[in-house]
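**Student:** Got a structure for you, start-v8.cif, holding mmCIF, C-alpha atoms and all ligand atoms.
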```cif
data_coords
#
loop_
_atom_site.label_atom_id
_atom_site.label_comp_id
_atom_site.auth_asym_id
_atom_site.auth_seq_id
_atom_site.Cartn_x
_atom_site.Cartn_y
_atom_site.Cartn_z
CA MET V 1 21.65 12.55 -0.36
CA ALA V 2 22.71 16.00 -1.46
CA GLU V 3 20.98 18.79 0.47
CA ASP V 4 20.56 20.74 -2.77
CA GLY V 5 18.17 18.10 -3.99
CA THR V 6 20.19 17.13 -7.03
CA GLY V 7 19.43 13.52 -6.20
CA ALA V 8 22.74 11.85 -6.90
CA ALA V 9 22.54 8.15 -7.77
CA GLY V 10 22.27 5.78 -4.78
CA GLY V 11 21.86 6.89 -1.17
CA ASP V 12 18.69 7.47 0.79
CA VAL V 13 15.87 9.01 -1.20
CA ILE V 14 13.42 9.23 1.71
CA GLU V 15 14.68 10.48 5.10
CA LEU V 16 12.60 11.06 8.22
CA ASP V 17 14.07 12.01 11.56
CA GLY V 18 11.88 12.36 14.66
CA VAL V 19 8.85 13.43 12.63
CA GLU V 20 5.68 14.40 14.49
CA LYS V 21 2.27 15.68 13.46
CA VAL V 22 -0.10 16.97 16.07
CA PHE V 23 -3.58 18.16 15.09
CA ASP V 24 -5.33 20.71 17.25
CA VAL V 25 -8.95 19.58 17.36
CA ARG V 26 -11.85 21.70 18.67
CA ARG V 27 -15.06 19.99 19.72
CA LYS V 28 -18.45 21.41 20.56
CA ALA V 29 -19.04 20.93 24.30
CA GLY V 30 -22.22 22.98 24.76
CA VAL V 31 -24.11 25.78 23.06
CA LEU V 32 -21.21 28.21 23.14
CA ARG V 33 -18.38 26.17 24.57
CA ARG V 34 -15.66 24.50 22.56
CA THR V 35 -13.03 22.19 24.04
CA ARG V 36 -9.60 21.80 22.50
CA HIS V 37 -7.49 18.72 22.45
CA GLU V 38 -4.51 17.36 20.57
CA VAL V 39 -4.46 14.37 18.24
CA ARG V 40 -0.92 13.03 17.95
CA ALA V 41 -1.30 11.41 14.48
CA VAL V 42 2.43 10.84 13.95
CA ASP V 43 4.54 10.54 17.06
CA GLY V 44 8.29 10.66 16.44
CA ILE V 45 8.96 8.57 13.34
CA SER V 46 12.45 8.05 11.92
CA PHE V 47 13.41 5.92 8.93
CA THR V 48 15.29 6.06 5.65
CA VAL V 49 14.56 4.40 2.32
CA PRO V 50 17.38 3.83 -0.17
CA ARG V 51 16.91 4.50 -3.88
CA GLY V 52 15.06 1.74 -5.73
CA GLU V 53 13.52 0.08 -2.66
CA VAL V 54 9.81 -0.79 -2.49
CA VAL V 55 8.55 -0.44 1.09
CA GLY V 56 5.19 -1.36 2.54
CA TYR V 57 3.86 1.12 5.12
CA ILE V 58 1.05 -0.61 6.95
CA GLY V 59 -1.02 -0.25 10.08
CA PRO V 60 -4.58 -0.31 11.37
CA ASN V 61 -7.14 2.42 10.59
CA GLY V 62 -6.14 5.77 12.06
CA ALA V 63 -2.52 4.68 12.65
CA GLY V 64 -1.08 7.72 10.88
CA LYS V 65 -0.21 6.37 7.41
CA SER V 66 -2.01 8.98 5.30
CA THR V 67 -0.78 11.77 7.55
CA THR V 68 2.80 10.58 6.97
CA ILE V 69 2.30 10.51 3.19
CA LYS V 70 0.76 13.98 3.23
CA MET V 71 3.86 15.26 5.06
CA LEU V 72 6.12 13.50 2.54
CA THR V 73 4.40 15.33 -0.32
CA GLY V 74 4.38 18.70 1.46
CA ILE V 75 0.57 18.85 1.75
CA LEU V 76 0.97 18.92 5.55
CA ASN V 77 3.69 20.57 7.62
CA PRO V 78 5.27 18.39 10.32
CA SER V 79 4.88 19.72 13.87
CA ALA V 80 8.43 18.56 14.63
CA GLY V 81 11.29 16.62 13.06
CA ARG V 82 13.02 16.65 9.71
CA ILE V 83 11.96 15.27 6.33
CA ARG V 84 14.01 15.15 3.14
CA ILE V 85 12.84 13.61 -0.14
CA CYS V 86 15.60 13.52 -2.78
CA GLY V 87 17.30 16.04 -0.49
CA ILE V 88 14.31 18.42 -0.68
CA ASP V 89 12.29 19.68 2.31
CA PRO V 90 8.70 18.93 1.15
CA ALA V 91 7.00 21.63 3.22
CA ARG V 92 9.32 24.38 1.95
CA GLU V 93 9.64 23.36 -1.69
CA ARG V 94 6.49 21.52 -2.57
CA THR V 95 6.45 22.55 -6.25
CA ARG V 96 10.06 21.59 -6.86
CA LEU V 97 9.46 18.28 -5.11
CA ALA V 98 6.37 17.59 -7.27
CA ARG V 99 8.66 17.11 -10.28
CA ARG V 100 10.48 14.31 -8.47
CA VAL V 101 7.56 12.41 -6.93
CA GLY V 102 4.32 10.79 -8.09
CA VAL V 103 1.33 10.24 -5.81
CA VAL V 104 -1.67 7.94 -6.13
CA PHE V 105 -4.49 8.05 -3.59
CA GLY V 106 -6.70 4.99 -4.05
CA GLN V 107 -9.70 6.73 -2.55
CA ARG V 108 -9.74 9.71 -4.91
CA THR V 109 -8.64 10.53 -8.41
CA THR V 110 -6.20 13.18 -9.59
CA LEU V 111 -7.71 13.00 -13.09
CA TRP V 112 -10.28 15.41 -14.54
CA TRP V 113 -13.69 13.85 -14.09
CA ASP V 114 -15.29 15.05 -17.34
CA LEU V 115 -12.28 14.67 -19.62
CA PRO V 116 -11.22 11.56 -21.49
CA LEU V 117 -8.03 10.00 -20.11
CA ARG V 118 -6.07 11.21 -23.15
CA ASP V 119 -6.93 14.88 -22.40
CA SER V 120 -6.12 14.45 -18.71
CA TYR V 121 -2.69 13.17 -19.72
CA HIS V 122 -2.16 16.18 -22.03
CA LEU V 123 -2.88 18.45 -19.07
CA VAL V 124 -0.46 16.50 -16.88
CA ARG V 125 2.15 16.90 -19.62
CA ARG V 126 1.68 20.67 -19.67
CA MET V 127 1.62 20.98 -15.88
CA TYR V 128 4.90 19.14 -15.52
CA ARG V 129 6.33 20.51 -18.79
CA ILE V 130 7.23 17.01 -19.91
CA GLU V 131 9.30 17.00 -23.06
CA GLN V 132 7.31 15.58 -26.03
CA GLU V 133 9.46 12.53 -26.79
CA ARG V 134 9.70 11.49 -23.15
CA TYR V 135 5.94 11.94 -22.72
CA ARG V 136 5.22 9.82 -25.82
CA ARG V 137 7.54 7.05 -24.60
CA ASN V 138 6.15 6.99 -21.07
CA LEU V 139 2.52 7.12 -22.21
CA GLU V 140 3.12 4.32 -24.69
CA ALA V 141 4.66 2.10 -22.00
CA CYS V 142 1.83 2.79 -19.51
CA VAL V 143 -0.88 2.24 -22.14
CA GLU V 144 0.63 -1.09 -23.10
CA LEU V 145 1.38 -2.42 -19.63
CA LEU V 146 -1.83 -1.20 -18.02
CA ASP V 147 -4.12 -2.06 -20.98
CA LEU V 148 -5.29 1.54 -21.32
CA GLY V 149 -5.61 1.59 -25.14
CA PRO V 150 -9.39 1.14 -25.33
CA LEU V 151 -9.94 3.57 -22.45
CA LEU V 152 -8.03 6.63 -23.69
CA ASP V 153 -11.09 8.31 -25.20
CA VAL V 154 -13.48 7.48 -22.37
CA PRO V 155 -14.34 10.28 -19.88
CA VAL V 156 -12.91 9.47 -16.46
CA ARG V 157 -16.36 9.47 -14.83
CA GLN V 158 -17.39 6.52 -17.04
CA LEU V 159 -14.44 4.33 -16.02
CA SER V 160 -14.80 1.49 -13.52
CA LEU V 161 -12.81 1.79 -10.30
CA GLY V 162 -10.12 -0.59 -11.59
CA GLN V 163 -9.83 1.23 -14.92
CA ARG V 164 -9.70 4.60 -13.18
CA MET V 165 -7.01 3.39 -10.82
CA ARG V 166 -4.88 2.19 -13.74
CA GLY V 167 -5.45 5.58 -15.35
CA ASP V 168 -4.36 7.35 -12.15
CA ILE V 169 -1.20 5.28 -11.82
CA ALA V 170 -0.22 6.12 -15.41
CA ALA V 171 -0.83 9.84 -14.74
CA ALA V 172 1.48 9.69 -11.70
CA LEU V 173 4.29 8.19 -13.78
CA LEU V 174 4.26 10.31 -16.95
CA HIS V 175 6.88 12.71 -15.59
CA ASP V 176 9.27 9.86 -14.58
CA PRO V 177 9.19 10.45 -10.82
CA GLU V 178 12.04 9.04 -8.77
CA VAL V 179 9.72 8.39 -5.85
CA LEU V 180 6.18 7.04 -5.97
CA TYR V 181 3.75 7.17 -3.02
CA LEU V 182 0.83 4.79 -3.34
CA ASP V 183 -1.97 5.11 -0.79
CA GLU V 184 -4.17 1.98 -1.07
CA PRO V 185 -3.67 1.49 -4.83
CA THR V 186 -5.63 -1.78 -4.95
CA ILE V 187 -8.52 -0.87 -2.65
CA GLY V 188 -11.87 -2.04 -4.04
CA LEU V 189 -10.33 -3.60 -7.17
CA ASP V 190 -11.24 -7.05 -8.51
CA VAL V 191 -8.63 -9.79 -8.59
CA ILE V 192 -7.66 -9.22 -12.24
CA SER V 193 -7.19 -5.47 -11.82
CA LYS V 194 -5.18 -6.05 -8.64
CA THR V 195 -2.88 -8.45 -10.46
CA LYS V 196 -2.43 -6.01 -13.35
CA VAL V 197 -1.59 -3.12 -11.03
CA ARG V 198 0.89 -5.22 -9.02
CA SER V 199 2.76 -6.57 -12.03
CA PHE V 200 2.92 -3.08 -13.54
CA LEU V 201 4.42 -1.64 -10.34
CA ARG V 202 6.99 -4.43 -10.23
CA GLU V 203 7.96 -3.66 -13.79
CA VAL V 204 8.25 0.09 -13.12
CA ASN V 205 10.47 -0.54 -10.11
CA ALA V 206 12.67 -3.02 -11.99
CA GLU V 207 12.95 -0.95 -15.21
CA ARG V 208 13.20 2.59 -13.82
CA GLY V 209 14.52 1.95 -10.31
CA THR V 210 11.62 4.00 -8.89
CA THR V 211 11.54 4.12 -5.09
CA VAL V 212 8.06 3.19 -3.85
CA LEU V 213 6.30 3.76 -0.52
CA LEU V 214 3.07 1.79 -0.44
CA THR V 215 0.27 1.82 2.10
CA THR V 216 -2.27 -0.97 1.87
CA HIS V 217 -4.63 -3.16 3.85
CA ASP V 218 -3.93 -6.06 1.49
CA LEU V 219 -1.03 -8.28 2.55
CA THR V 220 -0.83 -9.76 -0.97
CA ASP V 221 0.25 -6.30 -2.21
CA ILE V 222 3.08 -6.43 0.31
CA GLU V 223 3.96 -10.01 -0.48
CA THR V 224 4.20 -9.42 -4.25
CA LEU V 225 5.90 -6.04 -4.14
CA CYS V 226 7.86 -5.37 -0.95
CA ARG V 227 10.88 -6.95 0.62
CA ARG V 228 10.64 -4.50 3.47
CA VAL V 229 7.61 -3.61 5.53
CA MET V 230 7.14 -0.97 8.20
CA VAL V 231 4.27 -1.12 10.65
CA ILE V 232 2.91 2.04 12.21
CA ASP V 233 0.51 2.01 15.12
CA HIS V 234 -0.75 4.99 17.13
CA GLY V 235 1.66 7.18 15.16
CA ARG V 236 4.76 5.13 16.08
CA LEU V 237 6.90 2.79 14.06
CA VAL V 238 6.52 -0.60 15.74
CA TYR V 239 8.17 -2.88 13.16
CA ASP V 240 10.70 -2.47 10.34
CA GLY V 241 11.85 -5.66 8.59
CA ASP V 242 10.74 -8.29 6.13
CA LEU V 243 7.27 -9.80 5.88
CA ALA V 244 8.38 -13.23 7.07
CA GLY V 245 9.78 -11.58 10.21
CA LEU V 246 6.49 -9.80 10.80
CA HIS V 247 4.57 -13.05 10.51
CA ALA V 248 7.06 -14.72 12.85
CA VAL V 249 6.75 -11.96 15.46
CA GLY V 250 2.96 -12.13 15.28
CA GLU V 251 2.84 -15.93 14.92
CA SER V 252 0.25 -15.24 12.24
CA GLU V 253 -1.40 -17.88 10.13
CA ARG V 254 -2.48 -18.18 6.52
CA THR V 255 -5.40 -20.34 5.50
CA LEU V 256 -5.51 -22.98 2.79
CA VAL V 257 -9.10 -23.21 1.54
CA VAL V 258 -9.63 -26.62 -0.03
CA ASP V 259 -12.55 -28.00 -2.05
CA PHE V 260 -12.66 -31.80 -1.96
CA ALA V 261 -14.57 -34.05 -4.34
CA ARG V 262 -16.92 -35.01 -1.47
CA GLU V 263 -17.63 -34.24 2.17
CA LEU V 264 -14.87 -35.49 4.45
CA PRO V 265 -14.21 -35.44 8.20
CA PRO V 266 -11.69 -32.73 9.18
CA VAL V 267 -8.48 -33.69 7.40
CA GLU V 268 -5.27 -34.26 9.33
CA VAL V 269 -2.01 -33.12 7.76
CA ALA V 270 1.30 -32.22 9.37
CA GLY V 271 1.96 -28.49 9.74
CA ALA V 272 -1.71 -27.42 9.56
CA ARG V 273 -4.94 -27.68 11.51
CA CYS V 274 -8.48 -27.75 10.23
CA VAL V 275 -10.34 -24.68 11.56
CA LYS V 276 -13.62 -24.97 9.65
CA VAL V 277 -15.61 -27.49 7.59
CA GLU V 278 -18.53 -26.58 5.34
CA GLY V 279 -19.76 -29.38 3.05
CA PRO V 280 -16.85 -30.47 0.85
CA ARG V 281 -14.89 -27.26 1.67
CA GLN V 282 -12.35 -27.13 4.51
CA TRP V 283 -10.17 -24.35 5.93
CA LEU V 284 -6.65 -25.36 7.05
CA ALA V 285 -4.62 -22.84 9.07
CA PHE V 286 -0.82 -22.97 8.81
CA PRO V 287 2.05 -20.66 9.93
CA ALA V 288 2.13 -17.66 7.56
CA ALA V 289 5.93 -17.70 7.38
CA ALA V 290 5.88 -21.31 6.05
CA SER V 291 5.60 -22.22 2.36
CA ALA V 292 2.20 -23.54 1.24
CA ALA V 293 3.78 -25.93 -1.29
CA PRO V 294 4.51 -28.96 0.98
CA LEU V 295 1.07 -28.63 2.57
CA VAL V 296 -0.67 -28.54 -0.82
CA ALA V 297 1.38 -31.58 -1.93
CA ALA V 298 0.47 -33.51 1.23
CA VAL V 299 -3.26 -32.75 0.88
CA ALA V 300 -3.29 -33.56 -2.85
CA ASP V 301 -1.46 -36.81 -2.19
CA ARG V 302 -3.95 -38.15 0.36
CA TYR V 303 -7.33 -36.61 -0.49
CA PRO V 304 -9.53 -36.16 -3.62
CA LEU V 305 -8.79 -32.50 -4.35
CA VAL V 306 -10.90 -30.35 -6.72
CA ASP V 307 -9.70 -26.80 -6.05
CA LEU V 308 -7.76 -24.71 -3.55
CA SER V 309 -6.69 -21.16 -2.71
CA VAL V 310 -4.51 -19.52 -0.07
CA ARG V 311 -5.92 -16.69 2.09
CA GLU V 312 -3.62 -14.13 3.69
CA PRO V 313 -4.33 -13.03 7.26
CA ALA V 314 -5.80 -9.54 7.64
CA ILE V 315 -3.19 -6.88 8.45
CA GLU V 316 -5.23 -5.97 11.53
CA ASP V 317 -4.98 -9.60 12.75
CA VAL V 318 -1.22 -9.69 12.22
CA ILE V 319 -0.74 -6.46 14.14
CA ALA V 320 -3.11 -7.48 16.93
CA ARG V 321 -1.14 -10.71 17.28
CA MET V 322 2.13 -8.75 17.45
CA TYR V 323 0.91 -7.37 20.74
CA GLY V 324 -0.48 -10.70 21.91
CA ALA V 325 -3.87 -9.01 22.19
CA ASP V 326 -5.49 -11.69 20.11
CA ALA V 327 -3.07 -14.53 20.64
CA ASP V 328 -5.67 -17.23 21.14
CA ARG V 329 -7.85 -16.39 18.17
CA THR V 330 -7.79 -18.46 15.03
CA PRO V 331 -7.85 -16.40 11.82
CA THR V 332 -11.34 -15.62 10.59
CA PRO V 333 -11.81 -17.95 7.65
CA GLY V 334 -13.36 -16.31 4.58
CA THR V 335 -15.90 -18.00 2.43
N1 LIG C 1 -6.99 16.98 9.55
C1 LIG C 1 -7.08 16.30 10.68
N2 LIG C 1 -7.54 16.87 11.79
C2 LIG C 1 -7.62 16.20 12.96
N3 LIG C 1 -7.28 14.89 13.10
C3 LIG C 1 -6.82 14.25 12.01
C4 LIG C 1 -6.70 14.92 10.75
N4 LIG C 1 -6.20 14.01 9.85
C5 LIG C 1 -6.04 12.86 10.51
N5 LIG C 1 -6.40 12.99 11.81
C6 LIG C 1 -6.33 11.96 12.86
O1 LIG C 1 -5.01 11.48 12.89
C7 LIG C 1 -4.98 10.07 13.11
C8 LIG C 1 -4.25 9.38 11.96
O2 LIG C 1 -5.03 9.49 10.77
P1 LIG C 1 -4.53 8.94 9.35
O3 LIG C 1 -5.57 9.33 8.33
O4 LIG C 1 -3.14 9.38 9.11
O5 LIG C 1 -4.56 7.37 9.59
P2 LIG C 1 -4.38 6.18 8.55
O6 LIG C 1 -3.37 5.26 9.14
O7 LIG C 1 -4.10 6.71 7.18
O8 LIG C 1 -5.82 5.49 8.60
P3 LIG C 1 -6.70 4.75 7.46
O9 LIG C 1 -6.08 3.40 7.27
O10 LIG C 1 -8.05 4.67 8.10
O11 LIG C 1 -6.66 5.62 6.23
C9 LIG C 1 -6.44 9.64 13.26
O12 LIG C 1 -6.75 9.64 14.64
C10 LIG C 1 -7.20 10.75 12.55
O13 LIG C 1 -8.50 10.90 13.07
#
```
For the structure just supplied, provide its representation as structure tokens.
Ligand SMILES: Nc1ncnc2c1ncn2[C@@H]1O[C@H](COP(=O)(O)OP(=O)(O)OP(=O)(O)O)[C@@H](O)[C@H]1O

**Tutor:**
Amino acid sequence: MAEDGTGAAGGDVIELDGVEKVFDVRRKAGVLRRTRHEVRAVDGISFTVPRGEVVGYIGPNGAGKSTTIKMLTGILNPSAGRIRICGIDPARERTRLARRVGVVFGQRTTLWWDLPLRDSYHLVRRMYRIEQERYRRNLEACVELLDLGPLLDVPVRQLSLGQRMRGDIAAALLHDPEVLYLDEPTIGLDVISKTKVRSFLREVNAERGTTVLLTTHDLTDIETLCRRVMVIDHGRLVYDGDLAGLHAVGESERTLVVDFARELPPVEVAGARCVKVEGPRQWLAFPAAASAAPLVAAVADRYPLVDLSVREPAIEDVIARMYGADADRTPTPGT
């Protein structure tokens, strides 16, 4: 990627080399005394992301994900190492970089609380000096794909979490960013909103070739959107590959939750084991890297099936299993 930040087609859009972030934390240790210690939130991370790739950036709570994203936007300065986004150093040229990236933080909105969505978007347009025709085109596409039409005149504070999130994602895309950072974009959303957000992001990536870095605690986000996943733990990159590989390394399991027409003894099917029975409902654990289709076919063939769903393992479980810390535990079946 050109150092001048011109962002030539192709090449690596996100580049990190030996990046560290150390926080200096002071704690009260008496009436007048304060102790100081260091929190090494990001501890020597290197990776590159080529243009157009959608990458999952996952890890347990406190692993260093948000700190990384804040450094990639220029909000935080790295303590060591080198970062380039579209060839730009985020800490030195935050404003110039802002024109090339979009950011969505699931836990807080970038919209104006008391303004209707439409007015928030006008302000975004003026802030980024988006040319009128481009703005109209982008807004139209977002409104259609994210079902925002009926919400445009509603003040942001009156929107549900799912509606607000869709509104935030549209705001982040109005200036056609080349790179999109999404920090927990589906957190707290219902199933329908999650599906809408995921299919919209797929469309944006396919149509515009936007490079996406996504942090999430929801493995279905990763499964539907990312071919590549990076795992960070204690500030270090501990895995970089595809999701199937991650499941294989962690020997993780998914769960087929099956409702039968009546109560049955634990069913026996090849490739799965029954881990819980509750009335006519049973939980069958199977290797997460395997397809659910043959298992579903085998169960449907031999038993009176009413309904079924597939549960993904929790990201925390997958990572714990990577280290063998939890190797003997069966996944916690949901209800
Ligand atoms: N401003 C700060 N001052 C001191 N310590 C911080 C600061 N920001 C983050 N940390 C610490 O750095 C570590 C990484 O935090 P970070 O928020 O990046 O984790 P995360 O992976 O995003 O976690 P979560 O999934 O809970 O959002 C944690 O130990 C956190 O307490």

**Student:** Residues up to 6 Å from ligand LIG 1 (chain C), counting only C-alpha atoms and all ligand atoms: could you list those as a PyMOL selection string?

**Tutor:** chain V and resi 23+25+39+41+60-67

**Student:** Nearest to Val197 (chain V) among V:Val258, V:Val212, V:Met165, V:Val249, with distances taken over all atoms listed in the file: which residue is it?

**Tutor:** V:Met165

**Student:** Would you list the contacts of Val49 (chain V) as a list in words, taking every protein, DNA or RNA residue within 6 Å and counting all atoms listed in the file, but skipping same-chain residues closer than 2 positions in sequence?

**Tutor:**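 Skipping anything fewer than 2 positions along the chain leaves Asp12, Val13 and Ile14 of chain V.
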
**Student:** Based on the selection just made, write C-alpha atoms of those residues as a JSON list (two decimals), in the coordinates of the input.

**Tutor:**
```json
[["chain", "number", "residue", "atom", "x", "y", "z"],
["V", 12, "ASP", "CA", 18.69, 7.47, 0.79],
["V", 13, "VAL", "CA", 15.87, 9.01, -1.20],
["V", 14, "ILE", "CA", 13.42, 9.23, 1.71]]
```

**Student:** For Asp233 (chain V), which residue out of V:Ile58, V:Leu182, V:Val31, V:Val191 is the nearest one, using only C-alpha atoms?

**Tutor:**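 For Asp233 (chain V), the nearest of the candidates is V:Ile58.
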
**Student:** Which one of V:His234, V:Lys276, V:Arg157, V:Arg125 sits closest to Lys21 (chain V) if you count only C-alpha atoms?

**Tutor:**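 That would be V:His234, the residue with the smallest distance to Lys21 (chain V).
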
**Student:** Quick one: pull the distance between CA of Arg198 (chain V) and CA of Glu140 (chain V), Å, one decimal.

**Tutor:**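 The value is 18.5 Å.
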
**Student:** Could you state the separation of CA of Arg108 (chain V) and CA of Ser120 (chain V) in Å, given to one decimal place?

**Tutor:** 15.0 Å

**Student:** Just give me the gap between CA of Leu148 (chain V) and CA of Ala172 (chain V) in Å, one decimal is fine.

**Tutor:**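 So the answer is 14.3 Å.
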
**Student:** If we count only C-alpha atoms, what is near Ser160 (chain V) at a cut-off of 12 Å, once residues fewer than 6 positions away on the same chain are taken out, given as a list in words?

**Tutor:**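 Residues near the query, excluding close chain neighbours: Leu151, Val154, Arg166, Gly167, Gly188, Leu189, Asp190 and Ser193 of chain V.
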
**Student:** Given all atoms listed in the file as the basis, pick out the residue of V:Ala292, V:Val101, V:Ala272, V:Val299 nearest to Asp259 (chain V).

**Tutor:**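 Using all atoms listed in the file, the shortest distance to Asp259 (chain V) belongs to V:Val299.
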
**Student:** Choose the residue, out of V:Leu201, V:Asp153, V:Leu256, V:Ala270, that has the smallest atom-to-atom separation from Ala298 (chain V); count all atoms listed in the file.

**Tutor:**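 Closest to Ala298 (chain V), using all atoms listed in the file: V:Ala270.
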
**Student:** Env of Thr68 (chain V): 10 Å cut, atoms = only C-alpha atoms, seq-sep filter 3 positions within chain, self excluded. Answer as a list in words.

**Tutor:**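 Result of the neighbour search: Leu16, Val19, Glu20, Lys21, Ala41, Val42, Ile45, Tyr57, Ala63, Gly64, Lys65, Met71, Leu72, Thr73, Gly74, Leu76, Pro78 and Gly235 of chain V.
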
**Student:** Given all atoms listed in the file as the basis, pick out the residue of V:Arg236, V:Arg26, V:Ala244, V:Asn205 nearest to Ile222 (chain V).

**Tutor:** V:Ala244

**Student:** Tell me which residues come within 7 Å of (4.7, -9.7, 4.4), as a list in words, counting only C-alpha atoms in the file's coordinates.

**Tutor:** Leu219, Ile222, Glu223, Val229, Asp242, Leu243, Ala244, Leu246 and His247 of chain V

**Student:** Each residue of region 193-245 of chain V with at least one atom at most 9 Å from region 184-187 of chain V should appear once, together with its nearest atom pair and the corresponding distance in Å (one decimal); atoms considered: all atoms listed in the file; ordering: chain, then increasing residue number; output as JSON lines.

**Tutor:**
```
{"residue": "V:Ser193", "atom": "CA", "partner": "V:Thr186", "partner_atom": "CA", "distance": 8.0}
{"residue": "V:Lys194", "atom": "CA", "partner": "V:Thr186", "partner_atom": "CA", "distance": 5.7}
{"residue": "V:Val197", "atom": "CA", "partner": "V:Thr186", "partner_atom": "CA", "distance": 7.4}
{"residue": "V:Arg198", "atom": "CA", "partner": "V:Thr186", "partner_atom": "CA", "distance": 8.4}
{"residue": "V:Leu214", "atom": "CA", "partner": "V:Glu184", "partner_atom": "CA", "distance": 7.3}
{"residue": "V:Thr215", "atom": "CA", "partner": "V:Glu184", "partner_atom": "CA", "distance": 5.5}
{"residue": "V:Thr216", "atom": "CA", "partner": "V:Glu184", "partner_atom": "CA", "distance": 4.6}
{"residue": "V:His217", "atom": "CA", "partner": "V:Glu184", "partner_atom": "CA", "distance": 7.1}
{"residue": "V:Asp218", "atom": "CA", "partner": "V:Thr186", "partner_atom": "CA", "distance": 7.9}
{"residue": "V:Asp221", "atom": "CA", "partner": "V:Thr186", "partner_atom": "CA", "distance": 7.9}
```

**Student:** Pull the closest atom pair for each residue of region 133-213 of chain V that gets at most 9 Å from region 84-99 of chain V, along with the distance in Å to one decimal, counting all atoms listed in the file, ordering rows by chain and then ascending residue number, as a Markdown table.

**Tutor:**
```
| residue | atom | partner | partner_atom | distance |
| --- | --- | --- | --- | --- |
| V:His175 | CA | V:Arg99 | CA | 7.1 |
| V:Asp176 | CA | V:Arg99 | CA | 8.5 |
| V:Pro177 | CA | V:Arg99 | CA | 6.7 |
| V:Glu178 | CA | V:Cys86 | CA | 8.3 |
| V:Val179 | CA | V:Ile85 | CA | 8.3 |
```

**Student:** Could you give me, as a list of chain:residue names, the residues within 8 Å of Pro287 (chain V), counting all atoms listed in the file and dropping anything in the same chain fewer than 3 positions from it?

**Tutor:**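 Residues near the query, excluding close chain neighbours: V:Glu251, V:Ser252, V:Glu253, V:Arg254, V:Gly271, V:Ala272, V:Ala290.
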
**Student:** Neighbouring residues of Arg228 (chain V) were defined as those with any atom within 8 Å, considering all atoms listed in the file; residues of the same chain fewer than 4 positions away were excluded. Please report them as a list in words.

**Tutor:**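 Those residues are Val54, Val55, Gly56, Asp240, Gly241, Asp242 and Leu243 of chain V.
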